[in-house]
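Dumped work-v3.pdb below, it's PDB, C-alpha atoms:
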ATOM      1  CA  MET A 243     -21.479-109.074 -58.036
ATOM      2  CA  ASN A 244     -23.540-112.253 -58.142
ATOM      3  CA  ASN A 245     -25.773-113.424 -55.339
ATOM      4  CA  HIS A 246     -23.489-115.918 -53.684
ATOM      5  CA  GLN A 247     -20.476-113.634 -53.919
ATOM      6  CA  LYS A 248     -22.459-110.974 -52.144
ATOM      7  CA  SER A 249     -23.664-113.482 -49.553
ATOM      8  CA  VAL A 250     -20.173-114.728 -48.827
ATOM      9  CA  GLU A 251     -18.817-111.223 -48.676
ATOM     10  CA  GLY A 252     -21.499-110.301 -46.146
ATOM     11  CA  LEU A 253     -20.688-113.371 -44.094
ATOM     12  CA  TYR A 254     -16.930-112.734 -44.210
ATOM     13  CA  LEU A 255     -17.442-109.126 -43.179
ATOM     14  CA  PHE A 256     -19.567-110.269 -40.261
ATOM     15  CA  LEU A 257     -16.945-112.796 -39.187
ATOM     16  CA  ALA A 258     -14.133-110.233 -39.378
ATOM     17  CA  SER A 259     -16.112-107.460 -37.753
ATOM     18  CA  THR A 260     -15.680-106.410 -34.134
ATOM     19  CA  ASP A 261     -19.238-105.086 -33.869
ATOM     20  CA  GLY A 262     -20.813-106.372 -30.699
ATOM     21  CA  GLU A 263     -17.460-106.455 -28.908
ATOM     22  CA  SER A 264     -16.315-103.769 -26.500
ATOM     23  CA  ARG A 265     -13.287-101.629 -27.228
ATOM     24  CA  GLU A 266     -11.544-103.296 -24.282
ATOM     25  CA  GLU A 267     -12.249-106.793 -25.593
ATOM     26  CA  VAL A 268     -10.795-105.836 -28.962
ATOM     27  CA  ALA A 269      -7.745-104.184 -27.414
ATOM     28  CA  SER A 270      -7.150-107.159 -25.128
ATOM     29  CA  ALA A 271      -7.208-109.543 -28.069
ATOM     30  CA  LEU A 272      -4.663-107.368 -29.853
ATOM     31  CA  ARG A 273      -2.423-107.128 -26.808
ATOM     32  CA  ALA A 274      -2.580-110.908 -26.435
ATOM     33  CA  GLY A 275      -1.290-111.033 -30.002
ATOM     34  CA  GLY A 276       1.668-108.847 -29.107
ATOM     35  CA  VAL A 277       0.328-105.588 -30.516
ATOM     36  CA  LYS A 278       1.315-102.367 -28.762
ATOM     37  CA  VAL A 279      -2.161-100.908 -29.056
ATOM     38  CA  ASP A 280      -1.479 -97.436 -27.679
ATOM     39  CA  ALA A 281       1.527 -96.904 -29.914
ATOM     40  CA  PHE A 282      -0.424 -98.137 -32.918
ATOM     41  CA  VAL A 283      -3.317 -95.771 -32.217
ATOM     42  CA  ALA A 284      -0.861 -92.889 -31.749
ATOM     43  CA  ASP A 285       0.613 -93.681 -35.167
ATOM     44  CA  LEU A 286      -2.827 -93.687 -36.757
ATOM     45  CA  LYS A 287      -3.655 -90.326 -35.190
ATOM     46  CA  ARG A 288      -0.445 -88.884 -36.524
ATOM     47  CA  ILE A 289      -1.099 -90.256 -40.009
ATOM     48  CA  ALA A 290      -4.695 -89.049 -39.986
ATOM     49  CA  GLY A 291      -3.616 -85.633 -38.752
ATOM     50  CA  ALA A 292      -5.927 -85.929 -35.802
ATOM     51  CA  ARG A 293      -3.351 -84.908 -33.240
ATOM     52  CA  GLY A 294      -3.319 -81.307 -32.018
ATOM     53  CA  GLY A 295      -2.286 -78.754 -34.611
ATOM     54  CA  PHE A 296      -3.500 -80.789 -37.550
ATOM     55  CA  SER A 297      -5.387 -77.915 -39.074
ATOM     56  CA  ARG A 298      -2.285 -75.840 -39.529
ATOM     57  CA  VAL A 299      -0.151 -78.762 -40.599
ATOM     58  CA  SER A 300      -2.664 -79.786 -43.250
ATOM     59  CA  ARG A 301      -2.780 -76.240 -44.549
ATOM     60  CA  PHE A 302       0.969 -76.182 -45.018
ATOM     61  CA  ALA A 303       0.846 -78.772 -47.771
ATOM     62  CA  ASN A 304      -0.525 -76.267 -50.270
ATOM     63  CA  LYS A 305       1.375 -73.199 -49.061
ATOM     64  CA  THR A 306       3.855 -71.431 -51.264
ATOM     65  CA  ARG A 307       7.406 -70.905 -50.099
ATOM     66  CA  ALA A 308       6.710 -67.249 -49.354
ATOM     67  CA  GLU A 309       3.650 -68.151 -47.290
ATOM     68  CA  ILE A 310       5.577 -70.738 -45.320
ATOM     69  CA  LEU A 311       8.356 -68.225 -44.583
ATOM     70  CA  LYS A 312       5.740 -65.735 -43.405
ATOM     71  CA  LEU A 313       4.157 -68.360 -41.148
ATOM     72  CA  LEU A 314       7.579 -69.154 -39.739
ATOM     73  CA  GLU A 315       8.028 -65.476 -38.910
ATOM     74  CA  GLU A 316       4.630 -65.427 -37.216
ATOM     75  CA  CYS A 317       5.594 -68.544 -35.365
ATOM     76  CA  GLN A 318       8.781 -66.896 -34.185
ATOM     77  CA  ALA A 319       6.831 -63.861 -32.998
ATOM     78  CA  GLY A 320       4.484 -66.059 -31.007
ATOM     79  CA  MET A 321       7.183 -68.012 -29.225
ATOM     80  CA  SER A 322       9.957 -67.304 -26.810
ATOM     81  CA  GLU A 323      13.311 -66.854 -28.505
ATOM     82  CA  GLY A 324      14.773 -69.862 -26.730
ATOM     83  CA  LEU A 325      11.999 -72.144 -27.927
ATOM     84  CA  PHE A 326      12.208 -70.861 -31.470
ATOM     85  CA  HIS A 327      15.963 -71.338 -31.645
ATOM     86  CA  ASN A 328      15.578 -74.758 -30.131
ATOM     87  CA  GLY A 329      13.378 -75.584 -33.107
ATOM     88  CA  LEU A 330      15.968 -74.212 -35.444
ATOM     89  CA  ALA A 331      18.877 -75.819 -33.661
ATOM     90  CA  THR A 332      19.374 -78.376 -36.371
ATOM     91  CA  ARG A 333      19.435 -75.739 -39.098
ATOM     92  CA  GLU A 334      22.872 -74.245 -39.529
ATOM     93  CA  GLY A 335      22.763 -70.593 -38.652
ATOM     94  CA  GLY A 336      18.995 -70.533 -39.099
ATOM     95  CA  GLU A 337      19.384 -69.777 -42.809
ATOM     96  CA  LEU A 338      15.820 -70.492 -43.828
ATOM     97  CA  ASN A 339      16.387 -69.510 -47.431
ATOM     98  CA  GLN A 340      18.811 -72.387 -47.839
ATOM     99  CA  LEU A 341      16.167 -74.928 -46.911
ATOM    100  CA  SER A 342      13.972 -76.664 -49.444
ATOM    101  CA  ASP A 343      10.209 -76.133 -49.392
ATOM    102  CA  GLU A 344       9.752 -79.551 -47.841
ATOM    103  CA  GLN A 345      12.323 -78.776 -45.137
ATOM    104  CA  LEU A 346      10.553 -75.517 -44.408
ATOM    105  CA  ARG A 347       7.218 -77.324 -44.074
ATOM    106  CA  SER A 348       8.797 -79.869 -41.749
ATOM    107  CA  LEU A 349      10.296 -77.101 -39.665
ATOM    108  CA  LEU A 350       6.967 -75.345 -39.453
ATOM    109  CA  GLU A 351       5.258 -78.549 -38.368
ATOM    110  CA  LYS A 352       7.989 -79.139 -35.801
ATOM    111  CA  LEU A 353       7.618 -75.641 -34.418
ATOM    112  CA  GLU A 354       3.858 -76.041 -34.283
ATOM    113  CA  THR A 355       4.155 -79.156 -32.163
ATOM    114  CA  GLU A 356       6.648 -77.452 -29.839
ATOM    115  CA  ARG A 357       4.522 -74.379 -29.509
ATOM    116  CA  PRO A 358       2.652 -74.054 -26.179
ATOM    117  CA  PRO A 359      -1.040 -74.980 -26.616
ATOM    118  CA  ASP A 360      -2.258 -71.503 -25.661
ATOM    119  CA  ALA A 361      -0.065 -70.017 -28.387
ATOM    120  CA  GLN A 362      -1.748 -72.062 -31.114
ATOM    121  CA  ASP A 363      -4.815 -70.985 -32.995
TER
ATOM    122  CA  MET B 315      -2.210 -84.027 -48.262
ATOM    123  CA  ASP B 316      -5.933 -83.981 -49.017
ATOM    124  CA  ASN B 317      -7.300 -81.291 -46.735
ATOM    125  CA  GLU B 318     -10.898 -82.428 -47.047
ATOM    126  CA  ALA B 319      -9.941 -86.005 -46.271
ATOM    127  CA  ILE B 320      -7.798 -84.902 -43.333
ATOM    128  CA  SER B 321     -10.755 -82.957 -42.042
ATOM    129  CA  LYS B 322     -12.979 -86.053 -42.228
ATOM    130  CA  LEU B 323     -10.296 -88.344 -40.821
ATOM    131  CA  SER B 324      -9.859 -85.987 -37.880
ATOM    132  CA  THR B 325     -13.455 -86.648 -36.828
ATOM    133  CA  VAL B 326     -12.771 -90.366 -36.402
ATOM    134  CA  ASN B 327     -12.424 -91.605 -32.824
ATOM    135  CA  TRP B 328      -9.133 -93.406 -33.396
ATOM    136  CA  ASP B 329      -8.966 -94.734 -29.835
ATOM    137  CA  ASP B 330     -11.949 -96.876 -30.729
ATOM    138  CA  ALA B 331     -11.671 -97.215 -34.496
ATOM    139  CA  GLY B 332      -7.928 -97.915 -34.585
ATOM    140  CA  PRO B 333      -7.974-101.188 -32.649
ATOM    141  CA  ARG B 334     -11.165-102.262 -34.420
ATOM    142  CA  LEU B 335      -9.659-101.683 -37.854
ATOM    143  CA  LEU B 336      -6.536-103.567 -36.886
ATOM    144  CA  GLU B 337      -8.488-106.507 -35.502
ATOM    145  CA  PHE B 338     -10.628-106.494 -38.642
ATOM    146  CA  ALA B 339      -7.472-106.565 -40.781
ATOM    147  CA  ARG B 340      -6.024-109.419 -38.735
ATOM    148  CA  ARG B 341      -9.209-111.465 -38.984
ATOM    149  CA  TRP B 342      -9.589-110.759 -42.692
ATOM    150  CA  ALA B 343      -5.973-111.672 -43.414
ATOM    151  CA  SER B 344      -6.306-114.821 -41.348
ATOM    152  CA  MET B 345      -9.585-115.903 -42.893
ATOM    153  CA  ILE B 346      -8.873-115.054 -46.511
ATOM    154  CA  TYR B 347      -5.116-115.443 -46.825
ATOM    155  CA  GLY B 348      -4.241-117.853 -44.044
ATOM    156  CA  TRP B 349      -2.145-115.270 -42.215
ATOM    157  CA  ARG B 350      -1.005-116.445 -38.802
ATOM    158  CA  GLU B 351      -0.236-114.558 -35.603
ATOM    159  CA  GLY B 352       3.257-113.071 -35.573
ATOM    160  CA  ALA B 353       3.862-113.647 -39.284
ATOM    161  CA  THR B 354       4.652-110.865 -41.723
ATOM    162  CA  LEU B 355       2.852-110.578 -45.026
ATOM    163  CA  PRO B 356       4.530-111.858 -48.222
ATOM    164  CA  ASN B 357       6.014-108.434 -48.967
ATOM    165  CA  GLY B 358       7.433-108.088 -45.454
ATOM    166  CA  MET B 359       4.751-105.721 -44.187
ATOM    167  CA  SER B 360       2.974-106.259 -40.910
ATOM    168  CA  ILE B 361      -0.804-106.109 -40.573
ATOM    169  CA  GLU B 362      -0.321-102.867 -38.626
ATOM    170  CA  ASP B 363       1.483-101.435 -41.672
ATOM    171  CA  VAL B 364      -1.490-102.321 -43.849
ATOM    172  CA  VAL B 365      -3.915-100.403 -41.637
ATOM    173  CA  LYS B 366      -1.564 -97.421 -41.487
ATOM    174  CA  ASP B 367      -1.214 -97.477 -45.277
ATOM    175  CA  ALA B 368      -4.991 -97.573 -45.637
ATOM    176  CA  VAL B 369      -5.386 -94.460 -43.481
ATOM    177  CA  ALA B 370      -2.464 -92.766 -45.218
ATOM    178  CA  ALA B 371      -4.008 -93.469 -48.624
ATOM    179  CA  PHE B 372      -6.971 -91.295 -47.695
ATOM    180  CA  ALA B 373      -4.902 -88.680 -45.875
ATOM    181  CA  THR B 374      -2.642 -88.143 -48.867
ATOM    182  CA  GLY B 375      -5.477 -88.172 -51.385
ATOM    183  CA  ASP B 376      -4.256 -91.344 -53.124
ATOM    184  CA  ARG B 377      -7.668 -92.761 -52.324
ATOM    185  CA  LYS B 378     -10.680 -90.490 -52.420
ATOM    186  CA  ILE B 379     -13.370 -90.567 -49.775
ATOM    187  CA  ASN B 380     -16.652 -91.627 -51.317
ATOM    188  CA  PRO B 381     -19.515 -89.706 -49.686
ATOM    189  CA  ARG B 382     -21.886 -92.616 -50.447
ATOM    190  CA  PHE B 383     -20.166 -94.871 -47.920
ATOM    191  CA  GLU B 384     -19.336 -94.437 -44.249
ATOM    192  CA  LEU B 385     -15.650 -93.802 -43.616
ATOM    193  CA  PRO B 386     -15.017 -96.964 -41.542
ATOM    194  CA  VAL B 387     -16.532 -99.031 -44.366
ATOM    195  CA  GLN B 388     -14.161 -97.371 -46.818
ATOM    196  CA  LEU B 389     -11.190 -97.876 -44.521
ATOM    197  CA  LYS B 390     -12.053-101.557 -44.308
ATOM    198  CA  GLY B 391     -12.339-101.600 -48.089
ATOM    199  CA  ALA B 392      -8.899-100.051 -48.384
ATOM    200  CA  ILE B 393      -7.451-102.616 -45.975
ATOM    201  CA  ARG B 394      -8.962-105.441 -48.008
ATOM    202  CA  SER B 395      -7.692-103.918 -51.190
ATOM    203  CA  ILE B 396      -4.136-103.543 -49.882
ATOM    204  CA  LEU B 397      -4.119-107.107 -48.573
ATOM    205  CA  TRP B 398      -5.409-108.342 -51.905
ATOM    206  CA  LYS B 399      -2.759-106.469 -53.838
ATOM    207  CA  ILE B 400       0.012-107.733 -51.583
ATOM    208  CA  HIS B 401      -1.055-111.327 -52.081
ATOM    209  CA  ARG B 402      -1.748-110.929 -55.774
ATOM    210  CA  LYS B 403       1.753-109.578 -56.274
ATOM    211  CA  SER B 404       3.279-112.320 -54.186
ATOM    212  CA  GLY B 405       1.726-114.977 -56.388
ATOM    213  CA  ASP B 406       0.780-116.935 -53.298
ATOM    214  CA  LYS B 407      -2.139-119.277 -53.469
ATOM    215  CA  LEU B 408      -5.133-117.609 -51.918
ATOM    216  CA  THR B 409      -7.143-119.423 -49.342
ATOM    217  CA  SER B 410     -10.342-118.414 -51.052
ATOM    218  CA  ALA B 411      -9.388-118.143 -54.719
ATOM    219  CA  GLU B 412     -10.273-114.885 -56.405
ATOM    220  CA  SER B 413     -12.928-113.755 -54.003
ATOM    221  CA  PRO B 414     -11.145-110.749 -52.449
ATOM    222  CA  GLU B 415     -11.029-109.050 -55.795
ATOM    223  CA  PHE B 416     -14.767-109.405 -56.007
ATOM    224  CA  PHE B 417     -15.341-108.146 -52.579
ATOM    225  CA  ASP B 418     -13.495-104.994 -53.495
ATOM    226  CA  ALA B 419     -15.827-104.480 -56.412
ATOM    227  CA  GLN B 420     -18.236-102.693 -54.126
ATOM    228  CA  LEU B 421     -15.778 -99.851 -53.875
ATOM    229  CA  GLU B 422     -13.625-100.370 -56.929
ATOM    230  CA  ASP B 423     -14.194-101.402 -60.512
ATOM    231  CA  THR B 424     -11.779-104.274 -60.893
ATOM    232  CA  PRO B 425     -12.824-107.799 -61.760
ATOM    233  CA  ASP B 426     -13.070-109.339 -65.184
ATOM    234  CA  PRO B 427     -16.005-111.573 -66.182
ATOM    235  CA  ALA B 428     -13.999-114.813 -66.092
ATOM    236  CA  ALA B 429     -12.845-114.166 -62.564
ATOM    237  CA  ARG B 430     -16.409-113.307 -61.585
ATOM    238  CA  LEU B 431     -17.623-116.710 -62.717
ATOM    239  CA  ALA B 432     -14.829-118.536 -60.928
ATOM    240  CA  SER B 433     -15.540-116.628 -57.788
ATOM    241  CA  GLU B 434     -19.267-117.272 -57.961
ATOM    242  CA  ASP B 435     -18.535-120.989 -58.182
ATOM    243  CA  PHE B 436     -16.250-120.731 -55.211
ATOM    244  CA  CYS B 437     -18.819-118.829 -53.174
ATOM    245  CA  THR B 438     -21.624-121.244 -54.015
ATOM    246  CA  SER B 439     -19.471-124.173 -52.992
ATOM    247  CA  PHE B 440     -18.374-122.405 -49.815
ATOM    248  CA  LEU B 441     -21.952-121.761 -48.712
ATOM    249  CA  GLU B 442     -22.964-125.353 -49.453
ATOM    250  CA  GLN B 443     -20.059-126.794 -47.531
ATOM    251  CA  LEU B 444     -20.499-124.402 -44.643
ATOM    252  CA  SER B 445     -24.160-125.392 -44.313
ATOM    253  CA  ALA B 446     -23.115-129.048 -44.327
ATOM    254  CA  ASP B 447     -20.372-128.559 -41.717
ATOM    255  CA  GLU B 448     -21.091-130.782 -38.733
ATOM    256  CA  LYS B 449     -21.135-127.947 -36.207
ATOM    257  CA  ILE B 450     -23.350-125.718 -38.364
ATOM    258  CA  ALA B 451     -25.738-128.443 -39.448
ATOM    259  CA  GLY B 452     -26.063-129.552 -35.840
ATOM    260  CA  SER B 453     -27.166-126.143 -34.587
ATOM    261  CA  SER B 454     -30.409-124.631 -35.782
ATOM    262  CA  GLU B 455     -29.215-121.167 -34.709
ATOM    263  CA  LEU B 456     -25.942-121.365 -36.646
ATOM    264  CA  LEU B 457     -27.640-122.863 -39.683
ATOM    265  CA  THR B 458     -30.271-120.127 -39.804
ATOM    266  CA  ILE B 459     -27.542-117.466 -39.680
ATOM    267  CA  VAL B 460     -25.722-119.058 -42.623
ATOM    268  CA  GLN B 461     -29.022-119.382 -44.466
ATOM    269  CA  ALA B 462     -29.828-115.743 -43.736
ATOM    270  CA  TYR B 463     -26.568-114.615 -45.344
ATOM    271  CA  ALA B 464     -27.050-117.049 -48.230
ATOM    272  CA  GLY B 465     -30.516-115.566 -48.631
ATOM    273  CA  GLY B 466     -29.184-112.070 -49.084
ATOM    274  CA  ALA B 467     -28.922-110.614 -45.594
ATOM    275  CA  GLU B 468     -26.119-108.059 -45.475
ATOM    276  CA  THR B 469     -26.275-106.709 -41.956
ATOM    277  CA  VAL B 470     -26.742-108.166 -38.501
ATOM    278  CA  ASP B 471     -30.105-106.398 -38.303
ATOM    279  CA  GLU B 472     -31.220-108.168 -41.455
ATOM    280  CA  VAL B 473     -29.946-111.489 -40.098
ATOM    281  CA  ALA B 474     -31.881-110.827 -36.898
ATOM    282  CA  ASN B 475     -35.043-110.166 -38.899
ATOM    283  CA  LYS B 476     -34.631-113.318 -40.968
ATOM    284  CA  THR B 477     -33.692-115.621 -38.092
ATOM    285  CA  GLY B 478     -35.629-114.213 -35.165
ATOM    286  CA  LEU B 479     -32.398-114.185 -33.154
ATOM    287  CA  VAL B 480     -31.427-111.044 -31.274
ATOM    288  CA  ALA B 481     -28.252-109.243 -32.366
ATOM    289  CA  LYS B 482     -26.479-110.077 -29.104
ATOM    290  CA  ARG B 483     -27.010-113.804 -29.699
ATOM    291  CA  ILE B 484     -25.817-113.507 -33.295
ATOM    292  CA  TYR B 485     -22.598-111.879 -32.098
ATOM    293  CA  GLU B 486     -22.180-114.601 -29.467
ATOM    294  CA  LEU B 487     -22.423-117.251 -32.165
ATOM    295  CA  ARG B 488     -19.874-115.532 -34.396
ATOM    296  CA  ARG B 489     -16.944-117.410 -32.871
ATOM    297  CA  HIS B 490     -18.484-120.793 -33.786
ATOM    298  CA  LEU B 491     -19.231-119.584 -37.297
ATOM    299  CA  LYS B 492     -15.667-118.357 -37.675
ATOM    300  CA  GLU B 493     -14.273-121.743 -36.644
ATOM    301  CA  ALA B 494     -16.552-123.538 -39.067
ATOM    302  CA  ALA B 495     -15.709-121.164 -41.907
ATOM    303  CA  ALA B 496     -12.001-121.700 -41.250
ATOM    304  CA  ARG B 497     -12.504-125.457 -41.414
ATOM    305  CA  VAL B 498     -14.385-125.232 -44.682
ATOM    306  CA  LEU B 499     -11.884-122.846 -46.267
ATOM    307  CA  LYS B 500      -9.038-125.111 -45.211
ATOM    308  CA  THR B 501     -10.728-128.107 -46.802
ATOM    309  CA  MET B 502     -11.485-126.196 -49.994
ATOM    310  CA  ASN B 503      -7.954-124.904 -50.208
ATOM    311  CA  ARG B 504      -6.572-128.399 -49.749
ATOM    312  CA  LYS B 505      -8.711-129.601 -52.638
ATOM    313  CA  GLU B 506      -7.602-126.668 -54.811
ATOM    314  CA  ASN B 507      -3.973-127.467 -54.098
ATOM    315  CA  ALA B 508      -4.534-131.113 -54.946
ATOM    316  CA  ILE B 509      -6.000-130.256 -58.363
TER
END
What would you get if you wrote out this structure as structure tokens?
Amino acid sequence: MNNHQKSVEGLYLFLASTDGESREEVASALRAGGVKVDAFVADLKRIAGARGGFSRVSRFANKTRAEILKLLEECQAGMSEGLFHNGLATREGGELNQLSDEQLRSLLEKLETERPPDAQD
Amino acid sequence: MDNEAISKLSTVNWDDAGPRLLEFARRWASMIYGWREGATLPNGMSIEDVVKDAVAAFATGDRKINPRFELPVQLKGAIRSILWKIHRKSGDKLTSAESPEFFDAQLEDTPDPAARLASEDFCTSFLEQLSADEKIAGSSELLTIVQAYAGGAETVDEVANKTGLVAKRIYELRRHLKEAAARVLKTMNRKENAI
């Protein structure tokens, strides 16, 4: 990058930056622009996996089908029957073997989020 | 999912970083592409979508975290890159010619030599016109800030060292600089369109 490109980039970054402004000032400006700040931040946390239970959810991505089924069994053991079946309510007859790997992962994630905090590792 | 990236992303304070990234994206889109409040981008996305896509790109492993740069810097780079790609695909006239592609060069290997030259010309002209802007030329503080950046300053600390202004004052003056830059870009864009 040539000198003036670098200079202009530095200047643009400074102009677009929120450094030197408080979090509240930034949020207020966004709200004034019609942004639902809290909902947006919640979305980012979900995408970044920063919400509770992320460590398990992120691990699921590389799990084999057998490992996911085992985790589902563990999940079942750690939860009340009512809660577990509530999580499975949308799955006909709870036939886990009929679900795809992706569906199993989704179910596991769903169960993780429904699991009481003290039941999670 | 990229487990390592997820691990790093989970350390980010999103309550603070989220709004800042979004405001950065809004300002960047406004300054560089002429985006206006309430408008969607040429491909129908919102600015919020762009920021979410930038975070998702790292979370899914589509974009790798570079340990040489701080994560917020890389997230801003991803936002700039996505905005650039959206506008490049749309074929819309850019407010500041090819410059975004250059600015991404810090994190990506993209530009070709011809575009580099065009962008350097644009940047030189921009700095000259900004220095000559009535508001900037009429304020020794604003002029020294522009000169500090033109002289190679990259951070507010470096601008403070070059100008003798304290960081707080530099941030206070940012609004005036932004207005002047918008004026200059508008004028330059008008001339480009006329050619």
Exercise. Residues of chain B near chain A: apply a cut-off of 8 Å, count only C-alpha atoms, and supply the list as an MDAnalysis selection string.
Key: chainID B and resid 315:317 320:321 323:325 328:330 332:334 337:339 341:342 351:352 362 366 369:370 373 413 416:417 419 430 433:434 437:438 440:441 460 463:470 482 485 488:489 491:492
Exercise. Please provide as a list in words all residues within 12 Å of B:Ile379, with the sequence filter that same-chain residues fewer than 3 positions apart are discarded (counting only C-alpha atoms).
Key: Asp316, Asn317, Glu318, Ala319, Ile320, Ser321, Lys322, Leu323, Ala368, Val369, Ala371, Phe372, Ala373, Thr374, Gly375, Asp376, Arg382, Phe383, Glu384, Leu385, Pro386, Val387, Gln388, Leu389, Gly391, Ala392 and Leu421 of chain B
Quiz item: atom CA of B:Ser445 to atom CA of B:Arg340: how many Å, to one decimal?
Solution: 24.8 Å
Quiz item: Hey, can you check how far atom CA of B:Ile361 sits from atom CA of A:Ser348?
Solution: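 These atoms are spaced 28.0 Å apart.
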Just need the box for stretch 476-494 of chain B, edges along x, y and z, holding every atom the file lists for it with 3 Å tacked onto each side, so centre and edge lengths in Å to one decimal, as JSON.
{"center_x": -25.0, "center_y": -116.4, "center_z": -35.0, "size_x": 27.4, "size_y": 20.3, "size_z": 17.9}
Quiz item: For the atom pair atom CA of A:Leu341 and atom CA of A:Leu311, what is the interatomic distance in Å to one decimal place?
Solution: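 Value for the atom CA of A:Leu341-atom CA of A:Leu311 distance: 10.6 Å.
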